[in-house]
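Dropping target37.pdb in here (PDB, C-alpha atoms):
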```pdb
MODEL        1
ATOM      1  CA  MET A   1     -49.402  -7.817  -1.261  1.00  0.00           C
ATOM      2  CA  GLN A   2     -50.166  -5.146  -3.869  1.00  0.00           C
ATOM      3  CA  ASP A   3     -49.370  -5.984  -7.483  1.00  0.00           C
ATOM      4  CA  PHE A   4     -47.378  -3.549  -9.692  1.00  0.00           C
ATOM      5  CA  HIS A   5     -47.512  -3.339 -13.449  1.00  0.00           C
ATOM      6  CA  PRO A   6     -44.150  -4.533 -14.840  1.00  0.00           C
ATOM      7  CA  LYS A   7     -43.821  -1.496 -17.141  1.00  0.00           C
ATOM      8  CA  VAL A   8     -44.377   0.850 -14.224  1.00  0.00           C
ATOM      9  CA  THR A   9     -41.843  -1.084 -12.140  1.00  0.00           C
ATOM     10  CA  ARG A  10     -39.185  -0.888 -14.847  1.00  0.00           C
ATOM     11  CA  HIS A  11     -39.888   2.819 -15.375  1.00  0.00           C
ATOM     12  CA  ALA A  12     -39.577   3.514 -11.663  1.00  0.00           C
ATOM     13  CA  ALA A  13     -36.343   1.529 -11.508  1.00  0.00           C
ATOM     14  CA  LEU A  14     -34.864   3.552 -14.362  1.00  0.00           C
ATOM     15  CA  ILE A  15     -35.785   6.806 -12.632  1.00  0.00           C
ATOM     16  CA  LEU A  16     -34.295   5.565  -9.368  1.00  0.00           C
ATOM     17  CA  CYS A  17     -31.066   4.441 -11.044  1.00  0.00           C
ATOM     18  CA  ALA A  18     -30.759   7.774 -12.850  1.00  0.00           C
ATOM     19  CA  GLY A  19     -31.235   9.597  -9.572  1.00  0.00           C
ATOM     20  CA  LEU A  20     -28.606   7.481  -7.862  1.00  0.00           C
ATOM     21  CA  ALA A  21     -26.191   8.069 -10.725  1.00  0.00           C
ATOM     22  CA  CYS A  22     -26.700  11.820 -10.459  1.00  0.00           C
ATOM     23  CA  ALA A  23     -26.172  11.694  -6.720  1.00  0.00           C
ATOM     24  CA  ALA A  24     -23.004   9.649  -7.152  1.00  0.00           C
ATOM     25  CA  ALA A  25     -21.663  12.055  -9.771  1.00  0.00           C
ATOM     26  CA  SER A  26     -22.392  14.989  -7.488  1.00  0.00           C
ATOM     27  CA  ALA A  27     -20.680  13.257  -4.576  1.00  0.00           C
ATOM     28  CA  GLN A  28     -17.618  12.644  -6.730  1.00  0.00           C
ATOM     29  CA  GLN A  29     -17.354  16.286  -7.794  1.00  0.00           C
ATOM     30  CA  PHE A  30     -18.172  17.974  -4.480  1.00  0.00           C
ATOM     31  CA  GLN A  31     -16.731  16.057  -1.566  1.00  0.00           C
ATOM     32  CA  GLY A  32     -16.589  17.290   1.998  1.00  0.00           C
ATOM     33  CA  VAL A  33     -13.507  18.396   3.859  1.00  0.00           C
ATOM     34  CA  PRO A  34     -11.070  15.454   3.913  1.00  0.00           C
ATOM     35  CA  PRO A  35      -9.157  14.448   7.039  1.00  0.00           C
ATOM     36  CA  PRO A  36      -5.592  15.788   7.278  1.00  0.00           C
ATOM     37  CA  ALA A  37      -2.832  13.479   6.096  1.00  0.00           C
ATOM     38  CA  PRO A  38      -2.061  11.200   9.070  1.00  0.00           C
ATOM     39  CA  GLY A  39       1.341  11.569  10.655  1.00  0.00           C
ATOM     40  CA  ARG A  40       2.231  14.679   8.666  1.00  0.00           C
ATOM     41  CA  SER A  41       2.455  18.394   9.343  1.00  0.00           C
ATOM     42  CA  ALA A  42       2.185  21.146   6.749  1.00  0.00           C
ATOM     43  CA  GLN A  43       4.394  23.344   8.902  1.00  0.00           C
ATOM     44  CA  PRO A  44       8.096  23.541   7.990  1.00  0.00           C
ATOM     45  CA  ALA A  45      10.155  21.139  10.082  1.00  0.00           C
ATOM     46  CA  LYS A  46      12.981  23.685  10.292  1.00  0.00           C
ATOM     47  CA  PRO A  47      12.316  27.384   9.548  1.00  0.00           C
ATOM     48  CA  ILE A  48      14.673  28.916   6.962  1.00  0.00           C
ATOM     49  CA  PRO A  49      15.628  32.615   7.136  1.00  0.00           C
ATOM     50  CA  GLY A  50      14.054  34.663   4.339  1.00  0.00           C
ATOM     51  CA  PRO A  51      17.264  35.580   2.475  1.00  0.00           C
ATOM     52  CA  GLU A  52      18.372  31.939   2.519  1.00  0.00           C
ATOM     53  CA  LEU A  53      14.985  30.830   1.187  1.00  0.00           C
ATOM     54  CA  LEU A  54      15.207  33.389  -1.632  1.00  0.00           C
ATOM     55  CA  SER A  55      18.666  32.141  -2.523  1.00  0.00           C
ATOM     56  CA  GLU A  56      17.404  28.567  -2.697  1.00  0.00           C
ATOM     57  CA  LEU A  57      14.347  29.477  -4.786  1.00  0.00           C
ATOM     58  CA  ARG A  58      16.502  31.433  -7.250  1.00  0.00           C
ATOM     59  CA  LYS A  59      18.408  28.206  -7.898  1.00  0.00           C
ATOM     60  CA  GLY A  60      15.123  26.424  -8.673  1.00  0.00           C
ATOM     61  CA  GLY A  61      14.216  22.821  -8.041  1.00  0.00           C
ATOM     62  CA  TYR A  62      11.196  23.434  -5.778  1.00  0.00           C
ATOM     63  CA  VAL A  63       7.432  23.018  -6.063  1.00  0.00           C
ATOM     64  CA  ILE A  64       5.513  26.074  -4.860  1.00  0.00           C
ATOM     65  CA  TYR A  65       1.920  25.133  -4.043  1.00  0.00           C
ATOM     66  CA  PHE A  66      -0.512  28.064  -3.813  1.00  0.00           C
ATOM     67  CA  ARG A  67      -4.025  27.998  -2.501  1.00  0.00           C
ATOM     68  CA  HIS A  68      -6.046  30.333  -4.743  1.00  0.00           C
ATOM     69  CA  THR A  69      -6.308  33.932  -3.595  1.00  0.00           C
ATOM     70  CA  SER A  70      -9.334  35.552  -1.880  1.00  0.00           C
ATOM     71  CA  THR A  71     -12.782  34.367  -2.982  1.00  0.00           C
ATOM     72  CA  ASP A  72     -16.441  35.263  -2.538  1.00  0.00           C
ATOM     73  CA  PHE A  73     -17.738  32.829   0.102  1.00  0.00           C
ATOM     74  CA  SER A  74     -21.339  33.868  -0.527  1.00  0.00           C
ATOM     75  CA  ARG A  75     -21.148  31.603  -3.589  1.00  0.00           C
ATOM     76  CA  ASP A  76     -20.194  27.949  -4.000  1.00  0.00           C
ATOM     77  CA  ASP A  77     -19.692  25.224  -6.614  1.00  0.00           C
ATOM     78  CA  VAL A  78     -22.770  23.119  -5.881  1.00  0.00           C
ATOM     79  CA  LYS A  79     -24.580  23.999  -9.118  1.00  0.00           C
ATOM     80  CA  SER A  80     -21.476  23.932 -11.279  1.00  0.00           C
ATOM     81  CA  ARG A  81     -21.942  21.633 -14.280  1.00  0.00           C
ATOM     82  CA  SER A  82     -18.268  21.520 -15.264  1.00  0.00           C
ATOM     83  CA  ASP A  83     -14.894  23.054 -14.509  1.00  0.00           C
ATOM     84  CA  ASP A  84     -15.590  25.692 -17.178  1.00  0.00           C
ATOM     85  CA  ASP A  85     -18.939  26.708 -15.661  1.00  0.00           C
ATOM     86  CA  CYS A  86     -17.491  29.787 -13.951  1.00  0.00           C
ATOM     87  CA  ASP A  87     -20.891  31.407 -13.329  1.00  0.00           C
ATOM     88  CA  ASN A  88     -21.759  28.631 -10.872  1.00  0.00           C
ATOM     89  CA  GLN A  89     -18.493  28.448  -8.950  1.00  0.00           C
ATOM     90  CA  ARG A  90     -17.019  30.404  -6.054  1.00  0.00           C
ATOM     91  CA  PRO A  91     -15.085  33.174  -7.800  1.00  0.00           C
ATOM     92  CA  LEU A  92     -12.118  35.329  -6.946  1.00  0.00           C
ATOM     93  CA  THR A  93     -13.004  38.736  -5.556  1.00  0.00           C
ATOM     94  CA  ASP A  94     -11.394  41.898  -6.910  1.00  0.00           C
ATOM     95  CA  LYS A  95      -9.169  41.738  -3.820  1.00  0.00           C
ATOM     96  CA  GLY A  96      -8.195  38.191  -4.763  1.00  0.00           C
ATOM     97  CA  ARG A  97      -7.347  39.251  -8.311  1.00  0.00           C
ATOM     98  CA  GLU A  98      -5.110  42.033  -7.018  1.00  0.00           C
ATOM     99  CA  GLU A  99      -3.450  39.592  -4.598  1.00  0.00           C
ATOM    100  CA  ALA A 100      -2.626  37.286  -7.521  1.00  0.00           C
ATOM    101  CA  ARG A 101      -1.151  40.173  -9.519  1.00  0.00           C
ATOM    102  CA  GLN A 102       0.953  41.224  -6.533  1.00  0.00           C
ATOM    103  CA  ILE A 103       2.285  37.684  -6.095  1.00  0.00           C
ATOM    104  CA  GLY A 104       3.419  37.675  -9.705  1.00  0.00           C
ATOM    105  CA  ALA A 105       4.963  41.137  -9.371  1.00  0.00           C
ATOM    106  CA  ALA A 106       6.881  40.036  -6.260  1.00  0.00           C
ATOM    107  CA  PHE A 107       8.238  36.958  -8.063  1.00  0.00           C
ATOM    108  CA  ARG A 108       9.489  39.144 -10.919  1.00  0.00           C
ATOM    109  CA  GLU A 109      11.053  41.710  -8.585  1.00  0.00           C
ATOM    110  CA  LEU A 110      12.758  38.993  -6.552  1.00  0.00           C
ATOM    111  CA  LYS A 111      13.873  37.180  -9.709  1.00  0.00           C
ATOM    112  CA  LEU A 112      12.308  33.887  -8.702  1.00  0.00           C
ATOM    113  CA  PRO A 113      12.329  31.623 -11.776  1.00  0.00           C
ATOM    114  CA  VAL A 114       9.091  29.872 -12.694  1.00  0.00           C
ATOM    115  CA  GLY A 115       8.990  26.922 -15.061  1.00  0.00           C
ATOM    116  CA  LYS A 116       5.916  24.736 -15.308  1.00  0.00           C
ATOM    117  CA  ILE A 117       2.645  26.365 -14.191  1.00  0.00           C
ATOM    118  CA  LEU A 118      -0.089  23.919 -13.182  1.00  0.00           C
ATOM    119  CA  ALA A 119      -3.580  24.730 -11.951  1.00  0.00           C
ATOM    120  CA  SER A 120      -6.657  22.912 -10.796  1.00  0.00           C
ATOM    121  CA  PRO A 121      -9.252  23.202 -13.597  1.00  0.00           C
ATOM    122  CA  ARG A 122     -11.632  25.230 -11.384  1.00  0.00           C
ATOM    123  CA  CYS A 123     -12.060  28.838 -12.536  1.00  0.00           C
ATOM    124  CA  ARG A 124     -10.680  30.509  -9.378  1.00  0.00           C
ATOM    125  CA  THR A 125      -7.457  28.501  -9.484  1.00  0.00           C
ATOM    126  CA  MET A 126      -6.958  28.994 -13.213  1.00  0.00           C
ATOM    127  CA  GLU A 127      -7.488  32.736 -12.785  1.00  0.00           C
ATOM    128  CA  THR A 128      -5.090  32.919  -9.827  1.00  0.00           C
ATOM    129  CA  ALA A 129      -2.339  31.258 -11.858  1.00  0.00           C
ATOM    130  CA  LEU A 130      -3.051  33.325 -14.971  1.00  0.00           C
ATOM    131  CA  LEU A 131      -2.947  36.681 -13.171  1.00  0.00           C
ATOM    132  CA  ALA A 132       0.187  35.811 -11.214  1.00  0.00           C
ATOM    133  CA  PHE A 133       2.306  33.845 -13.663  1.00  0.00           C
ATOM    134  CA  GLY A 134       0.675  33.554 -17.079  1.00  0.00           C
ATOM    135  CA  PRO A 135      -1.408  30.870 -18.800  1.00  0.00           C
ATOM    136  CA  PRO A 136      -1.385  27.665 -16.720  1.00  0.00           C
ATOM    137  CA  GLU A 137      -1.698  24.041 -17.729  1.00  0.00           C
ATOM    138  CA  LYS A 138      -4.952  22.499 -16.498  1.00  0.00           C
ATOM    139  CA  SER A 139      -4.158  19.674 -14.122  1.00  0.00           C
ATOM    140  CA  SER A 140      -6.711  17.430 -12.429  1.00  0.00           C
ATOM    141  CA  GLU A 141      -3.766  15.947 -10.505  1.00  0.00           C
ATOM    142  CA  ALA A 142      -3.159  19.361  -8.928  1.00  0.00           C
ATOM    143  CA  ARG A 143      -6.710  19.345  -7.568  1.00  0.00           C
ATOM    144  CA  ALA A 144      -7.004  15.804  -6.262  1.00  0.00           C
ATOM    145  CA  GLY A 145      -6.652  13.304  -9.059  1.00  0.00           C
ATOM    146  CA  PRO A 146      -9.581  11.022  -9.945  1.00  0.00           C
ATOM    147  CA  ALA A 147     -12.684  12.064  -7.989  1.00  0.00           C
ATOM    148  CA  SER A 148     -14.047   8.573  -7.515  1.00  0.00           C
ATOM    149  CA  PRO A 149     -15.388   6.934  -4.358  1.00  0.00           C
ATOM    150  CA  ALA A 150     -13.851   3.693  -5.638  1.00  0.00           C
ATOM    151  CA  SER A 151     -10.365   5.202  -5.607  1.00  0.00           C
ATOM    152  CA  GLU A 152      -8.362   3.975  -2.635  1.00  0.00           C
ATOM    153  CA  ASP A 153      -6.180   7.075  -2.659  1.00  0.00           C
ATOM    154  CA  ARG A 154      -7.575   9.933  -4.711  1.00  0.00           C
ATOM    155  CA  TYR A 155      -4.673  12.185  -3.654  1.00  0.00           C
ATOM    156  CA  ALA A 156      -1.909   9.904  -4.967  1.00  0.00           C
ATOM    157  CA  PRO A 157      -1.500  11.987  -8.175  1.00  0.00           C
ATOM    158  CA  LEU A 158      -1.010  15.186  -6.151  1.00  0.00           C
ATOM    159  CA  ARG A 159       1.457  13.434  -3.858  1.00  0.00           C
ATOM    160  CA  ALA A 160       3.384  12.369  -6.957  1.00  0.00           C
ATOM    161  CA  LEU A 161       3.477  15.969  -8.226  1.00  0.00           C
ATOM    162  CA  LEU A 162       4.872  17.164  -4.911  1.00  0.00           C
ATOM    163  CA  SER A 163       7.439  14.348  -4.763  1.00  0.00           C
ATOM    164  CA  THR A 164       8.765  14.444  -8.337  1.00  0.00           C
ATOM    165  CA  PRO A 165      12.127  16.258  -8.575  1.00  0.00           C
ATOM    166  CA  VAL A 166      12.189  19.557 -10.453  1.00  0.00           C
ATOM    167  CA  LYS A 167      15.243  20.379 -12.564  1.00  0.00           C
ATOM    168  CA  PRO A 168      17.426  23.199 -11.230  1.00  0.00           C
ATOM    169  CA  GLY A 169      16.975  26.584 -12.878  1.00  0.00           C
ATOM    170  CA  ALA A 170      13.235  26.989 -12.302  1.00  0.00           C
ATOM    171  CA  ASN A 171      10.457  26.128  -9.860  1.00  0.00           C
ATOM    172  CA  THR A 172       7.163  24.412 -10.595  1.00  0.00           C
ATOM    173  CA  VAL A 173       4.145  26.459  -9.497  1.00  0.00           C
ATOM    174  CA  ILE A 174       0.807  24.864  -8.610  1.00  0.00           C
ATOM    175  CA  ALA A 175      -2.386  26.872  -8.055  1.00  0.00           C
ATOM    176  CA  SER A 176      -4.974  24.706  -6.338  1.00  0.00           C
ATOM    177  CA  HIS A 177      -7.186  24.442  -3.258  1.00  0.00           C
ATOM    178  CA  GLY A 178      -6.899  24.087   0.498  1.00  0.00           C
ATOM    179  CA  ASN A 179      -8.477  20.632   0.797  1.00  0.00           C
ATOM    180  CA  PRO A 180      -6.094  18.648  -1.436  1.00  0.00           C
ATOM    181  CA  PHE A 181      -3.013  20.036   0.291  1.00  0.00           C
ATOM    182  CA  TYR A 182      -4.554  19.462   3.726  1.00  0.00           C
ATOM    183  CA  ALA A 183      -5.259  15.842   2.803  1.00  0.00           C
ATOM    184  CA  THR A 184      -1.790  15.328   1.340  1.00  0.00           C
ATOM    185  CA  ALA A 185       0.541  17.376   3.553  1.00  0.00           C
ATOM    186  CA  GLY A 186      -1.411  17.606   6.812  1.00  0.00           C
ATOM    187  CA  ALA A 187      -2.605  20.448   9.024  1.00  0.00           C
ATOM    188  CA  PRO A 188      -2.740  23.406   9.326  1.00  0.00           C
ATOM    189  CA  TYR A 189      -4.717  24.692   6.370  1.00  0.00           C
ATOM    190  CA  LEU A 190      -3.227  27.068   3.857  1.00  0.00           C
ATOM    191  CA  ALA A 191      -4.915  30.483   3.923  1.00  0.00           C
ATOM    192  CA  GLU A 192      -6.254  31.882   0.665  1.00  0.00           C
ATOM    193  CA  GLY A 193      -3.264  33.124  -1.326  1.00  0.00           C
ATOM    194  CA  GLU A 194      -0.773  31.357   0.938  1.00  0.00           C
ATOM    195  CA  ALA A 195       1.916  29.128  -0.577  1.00  0.00           C
ATOM    196  CA  ALA A 196       3.837  26.131   0.677  1.00  0.00           C
ATOM    197  CA  VAL A 197       7.375  25.764  -0.616  1.00  0.00           C
ATOM    198  CA  VAL A 198       7.936  22.051  -1.151  1.00  0.00           C
ATOM    199  CA  ARG A 199      11.190  20.158  -1.635  1.00  0.00           C
ATOM    200  CA  PRO A 200      10.551  16.991  -3.701  1.00  0.00           C
ATOM    201  CA  LEU A 201      12.333  13.874  -2.422  1.00  0.00           C
ATOM    202  CA  ARG A 202      11.392  11.411  -5.204  1.00  0.00           C
ATOM    203  CA  MET A 203       9.359   9.070  -3.014  1.00  0.00           C
ATOM    204  CA  ASP A 204       8.182  11.782  -0.637  1.00  0.00           C
ATOM    205  CA  PHE A 205       8.350  15.538  -0.046  1.00  0.00           C
ATOM    206  CA  GLU A 206       8.980  18.005   2.750  1.00  0.00           C
ATOM    207  CA  ILE A 207       7.628  21.460   3.524  1.00  0.00           C
ATOM    208  CA  VAL A 208      10.432  24.028   3.515  1.00  0.00           C
ATOM    209  CA  ALA A 209       8.416  27.216   4.121  1.00  0.00           C
ATOM    210  CA  ARG A 210       4.977  28.803   4.041  1.00  0.00           C
ATOM    211  CA  VAL A 211       4.547  32.297   2.625  1.00  0.00           C
ATOM    212  CA  ARG A 212       1.419  34.477   2.730  1.00  0.00           C
ATOM    213  CA  HIS A 213       0.339  36.282  -0.418  1.00  0.00           C
ATOM    214  CA  ASP A 214       1.817  39.554   0.880  1.00  0.00           C
ATOM    215  CA  GLY A 215       4.924  38.014   2.429  1.00  0.00           C
ATOM    216  CA  TRP A 216       7.233  37.452  -0.530  1.00  0.00           C
ATOM    217  CA  ARG A 217       9.018  40.816  -0.547  1.00  0.00           C
ATOM    218  CA  ALA A 218       9.534  40.612   3.228  1.00  0.00           C
ATOM    219  CA  LEU A 219      11.731  37.527   2.730  1.00  0.00           C
ATOM    220  CA  GLN A 220      14.571  39.846   1.702  1.00  0.00           C
ATOM    221  CA  THR A 221      15.023  40.940   5.322  1.00  0.00           C
ATOM    222  CA  LYS A 222      13.118  38.357   7.373  1.00  0.00           C
ATOM    223  CA  GLN A 223      15.371  36.269   9.633  1.00  0.00           C
TER     224      GLN A 223
ENDMDL
END
```

For the file at hand, write its structure as structure tokens.
Amino acid sequence: MQDFHPKVTRHAALILCAGLACAAASAQQFQGVPPPAPGRSAQPAKPIPGPELLSELRKGGYVIYFRHTSTDFSRDDVKSRSDDDCDNQRPLTDKGREEARQIGAAFRELKLPVGKILASPRCRTMETALLAFGPPEKSSEARAGPASPASEDRYAPLRALLSTPVKPGANTVIASHGNPFYATAGAPYLAEGEAAVVRPLRMDFEIVARVRHDGWRALQTKQ
């Protein structure tokens, strides 16, 4: 058996450990597509006519979960060093920015009250919320909670956000991603710019409606 110098062995071990730590950190930040929430569907159990939905939303008490608007899929987040490293993340396109503005304009025209504005700390979700509704509160819970392989249920914080009752008079808006909602509410995926209207039930939640980015004004006449 070949002998190794102890200093060399320790040095190699340190390099290996550092590499493993980096790989683990990367795995925590950029995880693959999660499975859909078992036994759940992200489709509304009972469709509500548009005018009725508008009436309910004007009363407040709902959580409206948006997937960020259109992005540039030629770029990704792999090299991103932090949530604020916008140059190394998948960004909104100009189309996506206009979609966000139009969502906000539709909410104002329809007199839909917005209270708390939460957003995943990623740049595209923060920008979506800002352009549509104003400055958001950064929320790791809105993205997926603690990104740790040791976490038994990394989506528990998001589930809690969707389940916690909202006081009447306003709706909580969340701007986040497709994966967390898919893992928490089930299939099918939200499209970019699409929203799920969620009724919190304290210990659970239910999907009341899904609205595309350009579908809000149509609710006035949609049966």

Checklist entry - Mind telling me what the PyMOL selection byres ((chain A and resi 46) around 9) catches here, as an MDAnalysis selection string? => result chainID A and resid 43:45 47:48 207:209

Would you put the residues from that selection into a file with C-alpha atoms, as a compact mmCIF listing (two decimals), in the coordinates of the input?
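Written output follows (part_31.txt):
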```txt
# COMPACT_ATOMS: atom_id res chain seq x y z
CA GLN A 43 4.39 23.34 8.90
CA PRO A 44 8.10 23.54 7.99
CA ALA A 45 10.15 21.14 10.08
CA PRO A 47 12.32 27.38 9.55
CA ILE A 48 14.67 28.92 6.96
CA ILE A 207 7.63 21.46 3.52
CA VAL A 208 10.43 24.03 3.52
CA ALA A 209 8.42 27.22 4.12
```

Skip A:Thr128 itself and residues of its chain fewer than 2 positions away, then list as a compact mmCIF listing (two decimals) with C-alpha atoms, in the coordinates of the input all residues within 10 Å of it, counting only C-alpha atoms.
```txt
# COMPACT_ATOMS: atom_id res chain seq x y z
CA PHE A 66 -0.51 28.06 -3.81
CA ARG A 67 -4.03 28.00 -2.50
CA HIS A 68 -6.05 30.33 -4.74
CA THR A 69 -6.31 33.93 -3.60
CA SER A 70 -9.33 35.55 -1.88
CA LEU A 92 -12.12 35.33 -6.95
CA GLY A 96 -8.20 38.19 -4.76
CA ARG A 97 -7.35 39.25 -8.31
CA GLU A 98 -5.11 42.03 -7.02
CA GLU A 99 -3.45 39.59 -4.60
CA ALA A 100 -2.63 37.29 -7.52
CA ARG A 101 -1.15 40.17 -9.52
CA ILE A 103 2.28 37.68 -6.10
CA GLY A 104 3.42 37.67 -9.70
CA ALA A 119 -3.58 24.73 -11.95
CA CYS A 123 -12.06 28.84 -12.54
CA ARG A 124 -10.68 30.51 -9.38
CA THR A 125 -7.46 28.50 -9.48
CA MET A 126 -6.96 28.99 -13.21
CA LEU A 130 -3.05 33.33 -14.97
CA LEU A 131 -2.95 36.68 -13.17
CA ALA A 132 0.19 35.81 -11.21
CA PHE A 133 2.31 33.84 -13.66
CA GLY A 134 0.68 33.55 -17.08
CA PRO A 135 -1.41 30.87 -18.80
CA PRO A 136 -1.38 27.66 -16.72
CA ALA A 175 -2.39 26.87 -8.06
CA SER A 176 -4.97 24.71 -6.34
CA GLY A 193 -3.26 33.12 -1.33
```

Checklist outcome for this item: Between atom CA of A:Gly61 and atom CA of A:Val211 lies a distance of 17.2 Å

Next on the checklist: Can you tell me which residues surround A:Glu52 at a distance of at most 12 Å, considering all atoms listed in the file, apart from same-chain residues fewer than 2 positions away, and format the answer as a list of chain:residue names?
Outcome noted: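 Once the adjacent positions are removed, what remains is A:Pro47, A:Ile48, A:Pro49, A:Gly50, A:Leu54, A:Ser55, A:Glu56, A:Leu57, A:Arg58, A:Lys59, A:Val208, A:Ala209, A:Leu219, A:Gln220, A:Thr221, A:Lys222, A:Gln223.
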
Next on the checklist: Rounded to one decimal, what separation in Å do you get between atom CA of A:Pro113 and atom CA of A:Val166?
Outcome noted: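 Interatomic distance here is 12.1 Å.
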
Checklist entry - So what does the PyMOL selection byres ((chain A and resi 77) around 8) actually pick up in this one, as a ChimeraX atom specification? => result /A:30,75-76,78-80,88-90

Given 4 Å on each side, where is the centre and what are the edge lengths in Å to one decimal of the axis-aligned box enclosing the listed atoms of stretch 54-59 of chain A, as AutoDock Vina command-line options?
```
--center_x 16.5 --center_y 30.8 --center_z -4.8 --size_x 12.3 --size_y 13.2 --size_z 14.3
```

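Taking only C-alpha atoms into account, A:Pro36 lies nearest to A:Thr184 out of the set A:Thr184, A:Asn171, A:Ser82, A:Thr164.
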
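One distance worth recording is that between atom CA of A:Pro180 and atom CA of A:Val198, which is 14.4 Å.
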
Checklist entry - From the set A:Ala170, A:Ala144, A:Leu201, A:Ala160, which residue has the shortest atom-to-atom contact distance to A:Pro34, counting only C-alpha atoms? => result A:Ala144

Checklist entry - Which residue gives the smallest distance to A:Ala156 among A:Phe73, A:Ala183, A:Gly169, A:Ser41, with only C-alpha atoms counted? => result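 Among A:Phe73, A:Ala183, A:Gly169, A:Ser41, it is A:Ala183 that comes nearest to A:Ala156.
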
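Nearest-residue note for A:Ala185: choosing from A:Lys111, A:Lys116, A:Arg159, A:His213, the minimum distance belongs to A:Arg159, counting all atoms listed in the file.
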
Next on the checklist: Please determine, counting all atoms listed in the file, which residue among A:Met203, A:Val114, A:Ala37, A:Leu161 has the shortest atom-to-atom distance to A:Arg143.
Outcome noted: A:Leu161

Next on the checklist: Which residues are close to A:Leu162, i.e. within 9 Å by all atoms listed in the file, leaving aside same-chain residues fewer than 2 positions away? Reply as an MDAnalysis selection string.
Outcome noted: chainID A and resid 62:65 157:160 164:165 198:202 204:206

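Nearest residue to A:Asn179, choosing from A:Lys138, A:Pro35, A:Arg212, A:Asp84 and counting all atoms listed in the file: A:Pro35.
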
Coordinates of stretch 90-103 of chain A, N, CA, C and O atoms, as a PDB file, in the first residue's frame:
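Just written: decode-v2.pdb:
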```pdb
ATOM      1  N   ARG A  90     -32.482  34.397 -13.883  1.00  0.00           N
ATOM      2  CA  ARG A  90     -33.399  34.517 -15.018  1.00  0.00           C
ATOM      3  C   ARG A  90     -34.265  35.745 -14.811  1.00  0.00           C
ATOM      4  O   ARG A  90     -35.002  35.826 -13.826  1.00  0.00           O
ATOM      5  N   PRO A  91     -34.206  36.711 -15.722  1.00  0.00           N
ATOM      6  CA  PRO A  91     -34.905  37.976 -15.496  1.00  0.00           C
ATOM      7  C   PRO A  91     -36.267  38.028 -16.187  1.00  0.00           C
ATOM      8  O   PRO A  91     -36.582  37.222 -17.068  1.00  0.00           O
ATOM      9  N   LEU A  92     -37.059  39.007 -15.786  1.00  0.00           N
ATOM     10  CA  LEU A  92     -38.260  39.324 -16.546  1.00  0.00           C
ATOM     11  C   LEU A  92     -37.855  39.860 -17.913  1.00  0.00           C
ATOM     12  O   LEU A  92     -36.819  40.509 -18.062  1.00  0.00           O
ATOM     13  N   THR A  93     -38.669  39.603 -18.906  1.00  0.00           N
ATOM     14  CA  THR A  93     -38.503  40.243 -20.209  1.00  0.00           C
ATOM     15  C   THR A  93     -39.294  41.558 -20.189  1.00  0.00           C
ATOM     16  O   THR A  93     -40.065  41.831 -19.256  1.00  0.00           O
ATOM     17  N   ASP A  94     -39.120  42.365 -21.219  1.00  0.00           N
ATOM     18  CA  ASP A  94     -39.924  43.587 -21.314  1.00  0.00           C
ATOM     19  C   ASP A  94     -41.410  43.233 -21.359  1.00  0.00           C
ATOM     20  O   ASP A  94     -42.247  43.951 -20.796  1.00  0.00           O
ATOM     21  N   LYS A  95     -41.734  42.129 -22.034  1.00  0.00           N
ATOM     22  CA  LYS A  95     -43.116  41.650 -22.073  1.00  0.00           C
ATOM     23  C   LYS A  95     -43.601  41.329 -20.667  1.00  0.00           C
ATOM     24  O   LYS A  95     -44.731  41.665 -20.283  1.00  0.00           O
ATOM     25  N   GLY A  96     -42.738  40.665 -19.880  1.00  0.00           N
ATOM     26  CA  GLY A  96     -43.105  40.326 -18.514  1.00  0.00           C
ATOM     27  C   GLY A  96     -43.318  41.566 -17.656  1.00  0.00           C
ATOM     28  O   GLY A  96     -44.230  41.596 -16.811  1.00  0.00           O
ATOM     29  N   ARG A  97     -42.504  42.581 -17.868  1.00  0.00           N
ATOM     30  CA  ARG A  97     -42.669  43.825 -17.100  1.00  0.00           C
ATOM     31  C   ARG A  97     -43.997  44.503 -17.447  1.00  0.00           C
ATOM     32  O   ARG A  97     -44.693  45.015 -16.568  1.00  0.00           O
ATOM     33  N   GLU A  98     -44.345  44.492 -18.727  1.00  0.00           N
ATOM     34  CA  GLU A  98     -45.624  45.086 -19.125  1.00  0.00           C
ATOM     35  C   GLU A  98     -46.792  44.266 -18.586  1.00  0.00           C
ATOM     36  O   GLU A  98     -47.815  44.830 -18.179  1.00  0.00           O
ATOM     37  N   GLU A  99     -46.648  42.939 -18.559  1.00  0.00           N
ATOM     38  CA  GLU A  99     -47.698  42.092 -17.984  1.00  0.00           C
ATOM     39  C   GLU A  99     -47.929  42.448 -16.513  1.00  0.00           C
ATOM     40  O   GLU A  99     -49.079  42.535 -16.061  1.00  0.00           O
ATOM     41  N   ALA A 100     -46.845  42.647 -15.767  1.00  0.00           N
ATOM     42  CA  ALA A 100     -46.975  42.998 -14.352  1.00  0.00           C
ATOM     43  C   ALA A 100     -47.685  44.340 -14.194  1.00  0.00           C
ATOM     44  O   ALA A 100     -48.565  44.493 -13.335  1.00  0.00           O
ATOM     45  N   ARG A 101     -47.318  45.310 -15.012  1.00  0.00           N
ATOM     46  CA  ARG A 101     -47.983  46.622 -14.946  1.00  0.00           C
ATOM     47  C   ARG A 101     -49.473  46.493 -15.251  1.00  0.00           C
ATOM     48  O   ARG A 101     -50.308  47.140 -14.606  1.00  0.00           O
ATOM     49  N   GLN A 102     -49.807  45.664 -16.239  1.00  0.00           N
ATOM     50  CA  GLN A 102     -51.208  45.499 -16.615  1.00  0.00           C
ATOM     51  C   GLN A 102     -52.010  44.790 -15.525  1.00  0.00           C
ATOM     52  O   GLN A 102     -53.191  45.085 -15.322  1.00  0.00           O
ATOM     53  N   ILE A 103     -51.379  43.861 -14.819  1.00  0.00           N
ATOM     54  CA  ILE A 103     -52.055  43.224 -13.681  1.00  0.00           C
ATOM     55  C   ILE A 103     -52.407  44.271 -12.637  1.00  0.00           C
ATOM     56  O   ILE A 103     -53.539  44.335 -12.141  1.00  0.00           O
TER      57      ILE A 103
END
```
